[in-house]
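Q: Below: one structure in C-alpha cells.
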Amino acid sequence: MSAPPSKAVLRRRRKILVRHVPWVLAIPGIVLMLVLRFLPAVGSAGYAFTDWNGLTLSANSVGLDNFGRIFSRGGGLGALANTLILAGVLLVVANVGGLALALGLRGPLKTRNLLRAMFFIPFALSHLATGYIWQFIFSYKGPFNQILDGLGLDSLQKAWTADPQWALYTIALVICWQYTGLTMIIYLAGLEGIPEELDDAVAVDGASRWMKFRRVTLPLLAPALTVACTLTLIWGLGAFDQVIALTGGGPSGATETLATMVWKNTFVFGEYGYGAALALVLALIVACMALAQMFLLRRREDKL
Amino acid sequence: MATISLSSVGKVYPGGTRAVSDLNLDIEDGEFMVFVGPSGCGKTTALRMVAGLEDITEGTISIGDRVVNGVDPGKRDLAMVFQNYALYPHMSIFENIAFPLRARHMAKDEIRSRVERAAGLLGLTEYLRRKPRTLSGGQRQRVAMGRAIVREPQAFLMDEPLSNLDAKLRVQMRSEIANLQKELGITTVYVTHDQVEAMTMGRRIAVMRKGVLQQEGPPQNVYAHPANIFVAAFIGSPGMNFFEARVERCEASYQLHLRDQVLSLEPGVVRGRPSLEAFVGRCVGVGVRPENLALVDESSGSLRARVSRVEVLGAEALVYADIAAKAVVADEVIEAADSGEGDTRAPGSTGDEGEVTLIIRTDPSLEIDVGDRIPISVRQDRLHLFDIGTGMAIWT
Ligand SMILES: Nc1ncnc2c1ncn2[C@@H]1O[C@H](COP(=O)(O)OP(=O)(O)OP(=O)(O)O)[C@@H](O)[C@H]1O
Ligand SMILES: [Mg+2]
C-alpha cells in the first residue's frame with residue numbers, strides 16, 4: 001500500500017481540477033457540436049477524393065480527379081464564374097444601394113418608418129417563395145413584359161429567365177432586391193451610432209455634403225461596412241434559393257452556381273464524391289474571400 | 001468680426017414647445033456676451049438659432065449688416081464650441097482643427113501654418129498626431145477651441161463648453177477662454193447655466209428665464225441692480241436673502257414691519273423710490289445679499305436673529321440666522337434657488353414655522369454660537385425691494 005498523498009499534493013490536484021471544471025462542464029456541448037456539425041463536414045470532405053455515389057458501401061479513391069473536373073471547361077468553371085459574378089454584383093449593388101437608402105431614410109421624412117419596413121420586407125420573406133413570384137413576373141407573358149409592352153418597348157420583351165444572356169442578371173436583380181433591405185438596416189444602425197453633435201459641427205464648419213460623406217460619415221460607418229460587405233459576399237457566393245426558383249440553373253447551365261451544382265450532383269445525379277469536392281471548393285472560396293475582405297476592412301477600421 | 005443682433009426673435013419647436021419669446025439683443029463687435037439662466041430657459045435654443053442650426057420661428061437675426069435667417073450655418077462664418085466638444089473621433093487632432101479650413105478649400109501650406117499657430121496658442125502642439133479619444137477632457141476642450149479659433153470667424157458661439165470639466169480645470173479654462181477672446185477680439189456668445197461663470201467671464205450678461213430675457217447688462221450692474229426677483233435670486237452665491245414685510249408710513253419716512261420687528265428705512269432709500277407710497281399697508285419683498293448684512297453690537301443693530309448654523313469657509317464665515325418673517329415663495333425664487341449651487345437653504349426657506357433663514361457673510365474670527373440671538377445691521381443702500389405681485393424690483 002502506498003502512503004496517502006500529502007496535503008500539498010491534494011491541494012495541487014484540487015487546483016488543477018478547479019481550473020478545468022469549466023471545460024469539463026462544456027464537454028457535452030462540444031462533443032455534440034463536433035459529432036453533429038463538424039465531423040460530417042470534415043468526413044464528407046473526405047469523399048471529395050472518391051467516386052462514391054452515395055448509395056453503395058464501397059468508394060474508390062480517385063485522387064484529385066473530382067477537382068480536375070471542377071476546373072475544366074464544361075465542368076464547374078462556368079458555375080464558378082457565375083458564382084463570382086453574382087457575389088460581385090450583390091456586394092456592390094446591395095452595399096451602395098443599402099447605404100443610399102439608409103442615408104435617404106435617415107432624415108426627418110414623415111413616411112420613413114413605412115419606407116424602411118417596405119425595403120426590409122423582401123429580406124424577411126422566404127427567398128424561395130419570392131423567387132417563384134419573380135419567376136412569374138419575368139416569364140414571357142408575365143407582368144414585366146406587359147409593362148414593357150405598355151411603354152411601347154415591346155422590342156425588348158424576352159423570356160428573361162430563359163435567355164442565356166439575361167438569366168444570370170435577372171437572378172442578380174432579384175438577389176439584390178432581397179438583400180439591399182438588410183444592408184440598409186445595418187447602415188441605418190451604423191448611422192444611429194454617429195453622434196448628432198457631429199452633424200452640427202460639420203454644418204457650422206461649412207463642409208459640403210460630399211465632404212461630409214467622404215470625410216465624416218463614411219469613415220465612421222466602417223464597422224457597419226465591414227459587417228454588411230462580409231455578409232453580402234457570403235450570401236452571394238452561396239446563392240441557391242433564388243437560382244432554383246428562377247431558372248433551376250438553366251438554360252443549359254447558364255445560371256448554374258457552385259451551390260446549385262453541389263446540390264444537383266449530390267442529390268440528383270448521385271455523384272456524391274463530385275458534389276463533395278464542389279462543396280469543399282465553395283467552402284474554401286467563401287472562407288478565403290470572407291477572411292481576406294474582413295482583414296482588409298478591419299485594417300481600415302483600425303486606421304480610423 | 002461683426003455685431004450680432006437679435007430682434008423680436010422667437011422659437012417654437014415642432015412639438016409646440018415655446019423655447020424663446022421676443023428676444024431683443026444687440027451684441028457689439030468684439031464683445032463677450034454671456035447667456036445665463038436655469039436649465040431649460042432657452043439659452044441653447046437662442047444660440048443655435050444664431051448658429052443656423054435651428055430655424056427661427058419669429059423675428060430676425062443679423063450678423064454684421066446681413067440678415068441671416070435663411071442662411072446655411074456654414075455660410076454664416078461662425079465657429080461653435082459644443083458642450084461635448086463634438087470632435088471628429090476618427091481624425092487626428094491636426095485634422096480636427098484643419099477641418100473647417102479644408103471645408104473652405106484653403107491651400108495646404110496655409111492650413112498647416114494656421115493649425116500649428118492655433119495649436120501653439122492652446123498648448124496642443126505635441127498632441128497634433130493623436131486621436132481625440134487619447135486626450136483628457138481638458139485637452140479635448142482645447143481642441144474644440146482650436147477648431148474655432150483657427151478660422152478667425154465673425155463670431156464664436158460656445159454652449160456650456162466647460163460643463164464637462166472638473167471644478168479646478170473649469171476655473172483655469174474660464175480665464176484662458178476669456179483671455180483668448182480678449183486677445184483675438186472676436187465677438188463671442190457664451191452660454192452657461194453657471195452664474196459664477198457668467199459673472200467672471202462676461203463683459204455683458206443676458207439673464208433668461210422660460211425663454212424670456214429678464215435683464216441684460218454688465219455683470220456688476222445686474223448684480224447690484226437686479227430688475228426683478230428672479231434675477232436677484234439667480235445671480236449671486238450664496239443667493240440673496242428674501243423675506244416679506246409690510247410697508248408703513250412713519251413721519252416723513254417708511255418702515256418695514258416684519259412679524260415682530262421693525263426696520264426703519266433710511267432717507268436715502270426712500271428718496272430714490274417715490275413709488276413706495278403706493279405700497280403703504282401692503283407687503284413687499286425685501287432682498288438683501290449676505291455680504292450686506294453685518295453682525296454688530298447691541299446698540300447699532302436694526303434686526304435681531306437667532307443663529308442656527310455657522311459655516312466657516314476659511315476666508316469668510318456664513319452665519320445662518322432665523323428671523324420671524326414670512327418667506328417670499330414666488331416661483332421665481334424657488335426656481336432660481338433650485339438651480340443655484342452652494343445654497344444650502346431650502347427654497348423659499350423657513351427655518352421654524354413662520355421664520356426665514358438669513359445668510360450673513362462675515363469675518364470667520366467672530367465667535368458665534370448656535371442659539372445666540374444676534375443683532376444685525378442692514379446696508380440699506382444695497383437693499384432691494386420687490387413688488388410681490390409682479391416680481392419687479394422697486395427702483396423708482
Ligand atoms: N429639439 C427640441 N424639440 C422640442 N423641444 C425642445 C427641443 N430642444 C429643446 N426643447 C425645449 O426648449 C426649451 C429650451 O431648451 P434649451 O435646450 O434651449 O434650454 P437650455 O437653456 O439650453 O437648458 P440647459 O441649461 O439645460 O442646456 C426646453 O423646454 C426644452 O425642453
Ligand atoms: Mg443647453
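Every chain in the C-alpha cells has a letter given in the order shown (A, B, ...), and although residue numbers restart at 1 in each chain, ligands are simply numbered from 1 in the order shown.
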With only C-alpha atoms considered, list every residue of chain B at most 6 Å from chain A, as a PDB file with C-alpha atoms, in the first residue's frame.

A:
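What landed in out_35.pdb:
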```
ATOM      1  CA  PRO B  73     -24.804  77.531 -40.868  1.00  0.00           C
ATOM      2  CA  GLY B  74     -21.669  77.034 -42.948  1.00  0.00           C
ATOM      3  CA  ALA B  86     -18.134  67.220 -31.000  1.00  0.00           C
ATOM      4  CA  HIS B  90     -11.587  59.249 -36.433  1.00  0.00           C
ATOM      5  CA  PRO B 100     -13.077  73.922 -41.241  1.00  0.00           C
ATOM      6  CA  ALA B 103     -14.027  72.806 -45.985  1.00  0.00           C
TER       7      ALA B 103
END
```

Q: Could you give me, as a list in words, every polymer residue with an atom at most 8 Å away from an atom of ligand 2, counting only C-alpha atoms and all ligand atoms?

A: Ser39, Gly40, Gly42, Lys43, Thr44, Thr45, Asp159, Glu160, Val191 and Thr192 of chain B

Q: Could you give me the residues within 12 Å of ligand 1, counting only C-alpha atoms and all ligand atoms, as a ChimeraX atom specification?

A: /A:196 /B:10-21,35-49,53-55,82-84,158-161,163,190-195,206-213,339

Q: If I take atom CA of B:Ala305 and atom CA of B:Glu244, how far is one from the other in Å, to one decimal?

A: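 Straight-line distance from atom CA of B:Ala305 to atom CA of B:Glu244 works out to 15.3 Å.
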
Q: Using only C-alpha atoms, determine which residues lie at most 9 Å from stretch 132-148 of chain A, disregarding the query and same-chain residues fewer than 2 positions distant; provide the list as a ChimeraX atom specification.

A: /A:127-130,150-162,170,174,242,244-247

Q: Set the distance at 12 Å and use only C-alpha atoms: which residues neighbour B:Gly272 once local chain neighbours fewer than 2 positions away are removed? I'd like the list as number ranges by chain.

A: B: 253, 265-270, 274-277, 380-381, 383-385, 394-396

Q: Quick check for you: according to DSSP on this backbone, which residues of stretch 18-100 of chain A are classed as alpha helix (DSSP H)? Reply as a PyMOL selection string.

A: chain A and resi 18-33+39-47+65-70+77-100

Q: Between atom CA of B:Ala324 and atom CA of B:Glu367, measure the distance and give it in Å to one decimal.

A: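 Calculated distance between atom CA of B:Ala324 and atom CA of B:Glu367 is 23.3 Å.
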
Q: Which of these residues is nearest to B:Gly30, using only C-alpha atoms: B:Ala2, B:Val310, B:Ile229, B:Leu157?

A: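 Among the listed residues, B:Ala2 lies closest to B:Gly30.
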
Q: Give me the residues within 8 Å of B:Ala79 as JSON, numbers by chain, counting only C-alpha atoms and dropping any in the same chain fewer than 2 places off.

A: {"A": [204, 205], "B": [77, 81, 147, 148, 149, 151, 153, 154, 155, 156, 157]}

Q: Leaving out A:Ala228 and any residue of its chain fewer than 3 positions from it, which residues lie within 12 Å of it when counting only C-alpha atoms, given as a PyMOL selection string?

A: chain A and resi 90-99+179-190+221-225+231-236+290+293-294+297

Q: Filtering to N, CA and C atoms, could you give me those residues as a JSON list (two decimals), in the first residue's frame?

A:
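So out07.json came out as:
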```json
[["chain", "number", "residue", "atom", "x", "y", "z"],
["A", 90, "LEU", "N", -23.85, 41.48, -56.20],
["A", 90, "LEU", "CA", -24.58, 41.67, -54.94],
["A", 90, "LEU", "C", -23.76, 42.56, -53.99],
["A", 91, "LEU", "N", -22.47, 42.27, -53.90],
["A", 91, "LEU", "CA", -21.61, 43.04, -53.00],
["A", 91, "LEU", "C", -21.69, 44.53, -53.31],
["A", 92, "VAL", "N", -21.57, 44.86, -54.59],
["A", 92, "VAL", "CA", -21.55, 46.27, -54.96],
["A", 92, "VAL", "C", -22.94, 46.90, -54.84],
["A", 93, "VAL", "N", -23.93, 46.24, -55.48],
["A", 93, "VAL", "CA", -25.26, 46.86, -55.54],
["A", 93, "VAL", "C", -25.91, 46.93, -54.16],
["A", 94, "ALA", "N", -25.85, 45.83, -53.40],
["A", 94, "ALA", "CA", -26.53, 45.83, -52.10],
["A", 94, "ALA", "C", -25.88, 46.84, -51.16],
["A", 95, "ASN", "N", -24.57, 47.02, -51.26],
["A", 95, "ASN", "CA", -23.94, 47.95, -50.33],
["A", 95, "ASN", "C", -24.12, 49.40, -50.75],
["A", 96, "VAL", "N", -23.95, 49.67, -52.02],
["A", 96, "VAL", "CA", -24.18, 51.04, -52.49],
["A", 96, "VAL", "C", -25.66, 51.40, -52.29],
["A", 97, "GLY", "N", -26.53, 50.46, -52.71],
["A", 97, "GLY", "CA", -27.97, 50.72, -52.58],
["A", 97, "GLY", "C", -28.40, 50.83, -51.13],
["A", 98, "GLY", "N", -27.93, 49.91, -50.32],
["A", 98, "GLY", "CA", -28.31, 49.92, -48.91],
["A", 98, "GLY", "C", -27.86, 51.19, -48.22],
["A", 99, "LEU", "N", -26.64, 51.63, -48.55],
["A", 99, "LEU", "CA", -26.11, 52.85, -47.94],
["A", 99, "LEU", "C", -26.92, 54.06, -48.41],
["A", 179, "TYR", "N", -31.53, 41.53, -50.64],
["A", 179, "TYR", "CA", -30.55, 41.80, -49.58],
["A", 179, "TYR", "C", -30.31, 43.29, -49.32],
["A", 180, "THR", "N", -30.74, 44.15, -50.24],
["A", 180, "THR", "CA", -30.49, 45.58, -50.03],
["A", 180, "THR", "C", -31.22, 46.08, -48.78],
["A", 181, "GLY", "N", -32.40, 45.49, -48.51],
["A", 181, "GLY", "CA", -33.13, 45.89, -47.31],
["A", 181, "GLY", "C", -32.33, 45.61, -46.05],
["A", 182, "LEU", "N", -31.63, 44.49, -46.08],
["A", 182, "LEU", "CA", -30.86, 44.15, -44.88],
["A", 182, "LEU", "C", -29.65, 45.07, -44.72],
["A", 183, "THR", "N", -28.93, 45.30, -45.80],
["A", 183, "THR", "CA", -27.78, 46.20, -45.68],
["A", 183, "THR", "C", -28.25, 47.59, -45.26],
["A", 184, "MET", "N", -29.43, 47.98, -45.75],
["A", 184, "MET", "CA", -29.98, 49.28, -45.34],
["A", 184, "MET", "C", -30.11, 49.33, -43.82],
["A", 185, "ILE", "N", -30.65, 48.26, -43.25],
["A", 185, "ILE", "CA", -30.83, 48.24, -41.79],
["A", 185, "ILE", "C", -29.48, 48.31, -41.08],
["A", 186, "ILE", "N", -28.50, 47.59, -41.61],
["A", 186, "ILE", "CA", -27.17, 47.62, -40.98],
["A", 186, "ILE", "C", -26.59, 49.03, -41.04],
["A", 187, "TYR", "N", -26.73, 49.68, -42.20],
["A", 187, "TYR", "CA", -26.19, 51.04, -42.30],
["A", 187, "TYR", "C", -26.98, 52.04, -41.47],
["A", 188, "LEU", "N", -28.29, 51.82, -41.37],
["A", 188, "LEU", "CA", -29.08, 52.71, -40.51],
["A", 188, "LEU", "C", -28.59, 52.62, -39.07],
["A", 189, "ALA", "N", -28.35, 51.38, -38.64],
["A", 189, "ALA", "CA", -27.85, 51.19, -37.27],
["A", 189, "ALA", "C", -26.50, 51.89, -37.12],
["A", 190, "GLY", "N", -25.65, 51.77, -38.15],
["A", 190, "GLY", "CA", -24.35, 52.44, -38.10],
["A", 190, "GLY", "C", -24.51, 53.95, -38.01],
["A", 221, "LEU", "N", -18.72, 54.94, -40.57],
["A", 221, "LEU", "CA", -19.55, 53.76, -40.84],
["A", 221, "LEU", "C", -18.70, 52.51, -41.05],
["A", 222, "ALA", "N", -17.39, 52.62, -40.87],
["A", 222, "ALA", "CA", -16.51, 51.50, -41.18],
["A", 222, "ALA", "C", -16.94, 50.17, -40.55],
["A", 223, "PRO", "N", -17.31, 50.14, -39.29],
["A", 223, "PRO", "CA", -17.72, 48.85, -38.73],
["A", 223, "PRO", "C", -18.95, 48.28, -39.43],
["A", 224, "ALA", "N", -19.93, 49.13, -39.73],
["A", 224, "ALA", "CA", -21.13, 48.66, -40.42],
["A", 224, "ALA", "C", -20.75, 48.17, -41.81],
["A", 225, "LEU", "N", -19.82, 48.88, -42.45],
["A", 225, "LEU", "CA", -19.38, 48.49, -43.79],
["A", 225, "LEU", "C", -18.76, 47.09, -43.76],
["A", 231, "LEU", "N", -21.25, 39.96, -45.01],
["A", 231, "LEU", "CA", -22.49, 39.18, -45.15],
["A", 231, "LEU", "C", -22.91, 39.07, -46.61],
["A", 232, "THR", "N", -22.89, 40.16, -47.34],
["A", 232, "THR", "CA", -23.36, 40.09, -48.73],
["A", 232, "THR", "C", -22.42, 39.21, -49.55],
["A", 233, "LEU", "N", -21.14, 39.26, -49.27],
["A", 233, "LEU", "CA", -20.21, 38.41, -50.01],
["A", 233, "LEU", "C", -20.53, 36.94, -49.76],
["A", 234, "ILE", "N", -20.73, 36.59, -48.50],
["A", 234, "ILE", "CA", -21.01, 35.18, -48.17],
["A", 234, "ILE", "C", -22.31, 34.73, -48.82],
["A", 235, "TRP", "N", -23.33, 35.59, -48.73],
["A", 235, "TRP", "CA", -24.61, 35.21, -49.32],
["A", 235, "TRP", "C", -24.52, 35.10, -50.83],
["A", 236, "GLY", "N", -23.79, 36.03, -51.42],
["A", 236, "GLY", "CA", -23.65, 36.00, -52.88],
["A", 236, "GLY", "C", -22.97, 34.71, -53.33],
["A", 290, "ALA", "N", -13.98, 35.78, -47.61],
["A", 290, "ALA", "CA", -14.57, 36.49, -46.48],
["A", 290, "ALA", "C", -13.47, 36.92, -45.50],
["A", 293, "GLN", "N", -11.41, 39.76, -47.01],
["A", 293, "GLN", "CA", -12.15, 41.01, -47.01],
["A", 293, "GLN", "C", -12.24, 41.60, -45.60],
["A", 294, "MET", "N", -12.53, 40.72, -44.64],
["A", 294, "MET", "CA", -12.62, 41.20, -43.27],
["A", 294, "MET", "C", -11.30, 41.78, -42.83],
["A", 297, "LEU", "N", -10.87, 45.23, -44.40],
["A", 297, "LEU", "CA", -11.77, 46.25, -43.86],
["A", 297, "LEU", "C", -11.42, 46.57, -42.41]]
```
